[in-house]
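Each remark here refers to the structure printed beneath this line.
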Amino acid sequence: MLLRTATSSAFSSLRLLLLPAAAVVSLSNLSTNKFPFFPKTTTPLTLSSPRNMSWLGKLVFGTRSPTEPSTAELSPSSIAQGPDDDVPAPGQQFAQFGAGCFWGVELAFQRVPGVTKTEVGYSQGYLHNPTYNDVCSGTTNHSEVVRVQYDPKECSYEALLDVFWARHDPTTPNRQGNDVGTQYRSGIYFYTPEQEKAALESKDRHQKLLNRKIVTEILPAKKFYQAEEYHQQYLEKGGRFGFKQSGEKGCNDPIRCYG
């Protein structure tokens, strides 16, 4: 008799769960005075809730786990914080650096033998497809970065690190000279464990040469957003005053950051 009652109760519960969603009553709308056997709750219990979907999934109703993300569900900030999924040219590698205003930094890397391409852009922030004005607002957490494509047979990653350290002051947080803001912070953004190891070792060596603490962040490279076209090779094209600066390999001319 007890077994028959338990079985009947279980099937009744299952029939309730299989009712159309519109027919299911939210428990939060039931009065505990009229229905003392219902616990008081402020969370509606419906078939669309993750808890019930998970329970029905165990009954082989084919529902997807609520913890399993889909591409369509990725938020803009999740995309911005994702990895840089661009692919370098065959036989090439990427490196990414933030060292203040990206105009002068890019020109310094353009001159390095073995560097085959440079791009300036924005990375490490939370806004998808940021503009220069967005980044300058200081609200997106993006850094102005240079993405360098190089041939490791002709240029070592360590050589790029030397250019990085020489180009800026790594001891000033969120500032390079008169440029102030989080977008001007010092950063090395690595693509491989080997790059991370080399960056950390290089930082330790340079710290011994300075009497102030290095504040350079060393983090995985995140999604790279190419800056507006007029920013690309800005100083080589003449900058704001039209004075073109050489991007020739091996050039040692002083770099005038604003042209």
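Letters A, B, ... mark the chains of the structure tokens in the order given; residue numbers begin at 1 per chain; ligand numbers begin at 1, in order shown.
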
Worksheet entry | Exercise: segment 109-120 of chain A partners within 9 Å, only C-alpha atoms, chain neighbours under 6 positions left out, as a ChimeraX atom specification | /A:92,102-103,144-156,159-160,163-164,225-228,231-233,246-252

Hey, can you spit out that residue selection with N, CA, C and O atoms as a short mmCIF file (atom, residue, chain, number, x, y, z; two decimals), in the first residue's frame?
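Written output follows (again.cif):
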data_model
loop_
_atom_site.label_atom_id
_atom_site.label_comp_id
_atom_site.auth_asym_id
_atom_site.auth_seq_id
_atom_site.Cartn_x
_atom_site.Cartn_y
_atom_site.Cartn_z
N GLN A 92 55.95 33.17 -39.17
CA GLN A 92 56.08 34.39 -38.37
C GLN A 92 55.47 34.18 -36.98
O GLN A 92 54.72 33.23 -36.75
N PHE A 102 51.25 54.92 -28.80
CA PHE A 102 51.70 53.86 -29.71
C PHE A 102 52.38 54.36 -30.98
O PHE A 102 53.00 53.59 -31.71
N TRP A 103 52.31 55.67 -31.28
CA TRP A 103 52.94 56.18 -32.49
C TRP A 103 54.46 55.97 -32.48
O TRP A 103 55.03 55.40 -33.40
N GLU A 144 46.96 51.19 -25.16
CA GLU A 144 47.45 51.42 -26.53
C GLU A 144 48.63 50.46 -26.73
O GLU A 144 49.61 50.52 -26.00
N VAL A 145 48.52 49.58 -27.72
CA VAL A 145 49.55 48.57 -27.91
C VAL A 145 50.02 48.55 -29.36
O VAL A 145 49.36 49.05 -30.26
N VAL A 146 51.19 47.97 -29.53
CA VAL A 146 51.73 47.69 -30.85
C VAL A 146 51.83 46.18 -30.99
O VAL A 146 52.43 45.52 -30.13
N ARG A 147 51.21 45.65 -32.02
CA ARG A 147 51.36 44.22 -32.30
C ARG A 147 52.43 44.09 -33.39
O ARG A 147 52.31 44.66 -34.47
N VAL A 148 53.44 43.32 -33.05
CA VAL A 148 54.59 43.15 -33.93
C VAL A 148 54.57 41.75 -34.52
O VAL A 148 54.41 40.76 -33.79
N GLN A 149 54.69 41.66 -35.82
CA GLN A 149 54.88 40.37 -36.47
C GLN A 149 56.36 40.28 -36.87
O GLN A 149 56.89 41.20 -37.50
N TYR A 150 57.00 39.19 -36.47
CA TYR A 150 58.43 39.08 -36.73
C TYR A 150 58.81 37.67 -37.15
O TYR A 150 58.10 36.69 -36.87
N ASP A 151 59.95 37.60 -37.83
CA ASP A 151 60.51 36.32 -38.26
C ASP A 151 61.51 35.87 -37.21
O ASP A 151 62.57 36.48 -37.06
N PRO A 152 61.19 34.82 -36.45
CA PRO A 152 62.09 34.39 -35.37
C PRO A 152 63.46 33.91 -35.87
O PRO A 152 64.40 33.81 -35.06
N LYS A 153 63.60 33.65 -37.16
CA LYS A 153 64.90 33.26 -37.70
C LYS A 153 65.81 34.47 -37.88
O LYS A 153 67.03 34.33 -37.96
N GLU A 154 65.20 35.65 -37.96
CA GLU A 154 65.97 36.87 -38.17
C GLU A 154 65.94 37.82 -36.97
O GLU A 154 66.79 38.72 -36.86
N CYS A 155 64.98 37.63 -36.09
CA CYS A 155 64.83 38.53 -34.94
C CYS A 155 64.35 37.72 -33.74
O CYS A 155 63.32 37.04 -33.82
N SER A 156 65.07 37.79 -32.66
CA SER A 156 64.68 37.05 -31.45
C SER A 156 63.66 37.85 -30.65
O SER A 156 63.60 39.09 -30.74
N ALA A 159 65.35 40.38 -28.49
CA ALA A 159 65.71 41.63 -29.15
C ALA A 159 64.54 42.61 -29.11
O ALA A 159 64.73 43.83 -28.93
N LEU A 160 63.32 42.10 -29.27
CA LEU A 160 62.15 42.95 -29.19
C LEU A 160 61.96 43.49 -27.77
O LEU A 160 61.57 44.65 -27.58
N VAL A 163 64.16 46.51 -27.22
CA VAL A 163 63.58 47.72 -27.81
C VAL A 163 62.48 48.26 -26.90
O VAL A 163 62.37 49.48 -26.68
N PHE A 164 61.67 47.38 -26.37
CA PHE A 164 60.58 47.76 -25.48
C PHE A 164 61.10 48.52 -24.26
O PHE A 164 60.61 49.61 -23.94
N TYR A 225 42.34 44.91 -31.16
CA TYR A 225 41.48 45.73 -32.00
C TYR A 225 42.36 46.74 -32.73
O TYR A 225 42.96 47.62 -32.10
N GLN A 226 42.45 46.60 -34.04
CA GLN A 226 43.28 47.51 -34.81
C GLN A 226 42.74 48.94 -34.71
O GLN A 226 41.54 49.17 -34.85
N ALA A 227 43.63 49.88 -34.45
CA ALA A 227 43.23 51.28 -34.35
C ALA A 227 42.85 51.82 -35.73
O ALA A 227 43.12 51.20 -36.76
N GLU A 228 42.25 52.97 -35.72
CA GLU A 228 41.83 53.62 -36.94
C GLU A 228 43.02 53.77 -37.90
O GLU A 228 44.17 53.92 -37.48
N HIS A 231 46.05 56.15 -37.59
CA HIS A 231 47.05 55.89 -36.55
C HIS A 231 48.17 54.97 -37.05
O HIS A 231 49.25 54.94 -36.46
N GLN A 232 47.91 54.20 -38.08
CA GLN A 232 48.87 53.20 -38.53
C GLN A 232 50.08 53.87 -39.19
O GLN A 232 49.94 54.73 -40.05
N GLN A 233 51.30 53.48 -38.73
CA GLN A 233 52.56 54.06 -39.23
C GLN A 233 52.47 55.59 -39.24
O GLN A 233 52.91 56.26 -40.18
N SER A 246 61.86 58.22 -40.72
CA SER A 246 62.24 56.99 -41.40
C SER A 246 61.88 55.74 -40.59
O SER A 246 62.12 55.68 -39.38
N GLY A 247 61.31 54.78 -41.30
CA GLY A 247 61.04 53.47 -40.71
C GLY A 247 61.97 52.41 -41.27
O GLY A 247 61.73 51.22 -41.10
N GLU A 248 63.05 52.86 -41.92
CA GLU A 248 64.00 51.93 -42.52
C GLU A 248 64.67 51.07 -41.45
O GLU A 248 64.95 51.54 -40.33
N LYS A 249 64.95 49.83 -41.81
CA LYS A 249 65.58 48.90 -40.88
C LYS A 249 66.96 49.43 -40.46
O LYS A 249 67.76 49.86 -41.29
N GLY A 250 67.18 49.38 -39.16
CA GLY A 250 68.46 49.81 -38.63
C GLY A 250 68.61 51.30 -38.43
O GLY A 250 69.66 51.76 -37.94
N CYS A 251 67.60 52.09 -38.77
CA CYS A 251 67.68 53.54 -38.62
C CYS A 251 67.78 53.91 -37.13
O CYS A 251 67.05 53.37 -36.30
N ASN A 252 68.71 54.85 -36.82
CA ASN A 252 68.92 55.27 -35.43
C ASN A 252 68.53 56.72 -35.20
O ASN A 252 68.89 57.31 -34.17
#

Worksheet item: segment 75-83 of chain A: which residues within 10 Å, counting only C-alpha atoms, same-chain residues fewer than 3 positions away excluded, as number ranges by chain?
Response: A: 71-72, 86, 122-130, 140, 142, 191, 220-225

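Reported to one decimal place, the separation of atom CA of Leu161 of chain A from atom CA of Lys197 of chain A is 11.9 Å.
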
Practice prompt. Could you find all residues in segment 53-181 of chain A that DSSP calls alpha helix (DSSP H) from the backbone, and write them as a ChimeraX atom specification?
Written response: /A:53-58,76-80,102-110,132-136,157-167

Emit the selected residues as a tab-separated table (two decimals), in the first residue's frame, including C-alpha atoms.
chain	number	residue	atom	x	y	z
A	53	MET	CA	15.74	22.27	-16.89
A	54	SER	CA	18.63	20.45	-15.30
A	55	TRP	CA	16.22	18.02	-13.57
A	56	LEU	CA	14.33	17.37	-16.80
A	57	GLY	CA	17.63	16.87	-18.56
A	58	LYS	CA	18.33	13.97	-16.25
A	76	PRO	CA	30.90	41.93	-25.61
A	77	SER	CA	33.20	42.10	-22.59
A	78	SER	CA	33.84	38.35	-22.86
A	79	ILE	CA	34.90	38.80	-26.47
A	80	ALA	CA	37.17	41.72	-25.60
A	102	PHE	CA	51.70	53.86	-29.71
A	103	TRP	CA	52.94	56.18	-32.49
A	104	GLY	CA	56.54	56.35	-31.35
A	105	VAL	CA	56.59	52.78	-30.08
A	106	GLU	CA	55.48	51.48	-33.46
A	107	LEU	CA	58.21	53.39	-35.31
A	108	ALA	CA	60.84	51.94	-32.98
A	109	PHE	CA	59.70	48.40	-33.84
A	110	GLN	CA	59.36	49.20	-37.56
A	132	TYR	CA	40.16	55.93	-30.10
A	133	ASN	CA	37.74	58.23	-28.27
A	134	ASP	CA	36.43	55.31	-26.21
A	135	VAL	CA	39.94	54.38	-25.13
A	136	CYS	CA	40.90	57.98	-24.35
A	157	TYR	CA	61.94	37.83	-28.98
A	158	GLU	CA	64.66	39.00	-26.59
A	159	ALA	CA	65.71	41.63	-29.15
A	160	LEU	CA	62.15	42.95	-29.19
A	161	LEU	CA	62.15	43.11	-25.40
A	162	ASP	CA	65.32	45.23	-25.51
A	163	VAL	CA	63.58	47.72	-27.81
A	164	PHE	CA	60.58	47.76	-25.48
A	165	TRP	CA	62.61	48.61	-22.37
A	166	ALA	CA	64.68	51.22	-24.18
A	167	ARG	CA	61.65	53.01	-25.62

Discussion item. For Tyr184 of chain A, find every residue with an atom within 6 Å (counting only C-alpha atoms), except residues of its own chain fewer than 2 positions away, and show them as a list in words.
Written reply: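 Listed by chain and then number, they are Gly100, Asn174, Arg175, Gly181 and Thr182 of chain A.
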
Worksheet item: Between A:Glu236, A:Gln176, A:Gly138, A:Ser143, which is the closest to Tyr189 of chain A once you count only C-alpha atoms?
Response: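 Closest candidate: A:Ser143.
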
Discussion item. What does the structure give for the distance between atom CA of Thr171 of chain A and atom CA of Thr192 of chain A, in Å to one decimal?
Written reply: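 About the pair atom CA of Thr171 of chain A and atom CA of Thr192 of chain A: they are 24.9 Å apart.
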
Response to the item:
Across A:Gly187, A:Pro88, A:Pro254, A:Gly242, the smallest distance to Pro170 of chain A, with only C-alpha atoms counted, is shown by A:Gly187

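Atom CA of Val215 of chain A is found 23.3 Å from atom CA of Asp84 of chain A.
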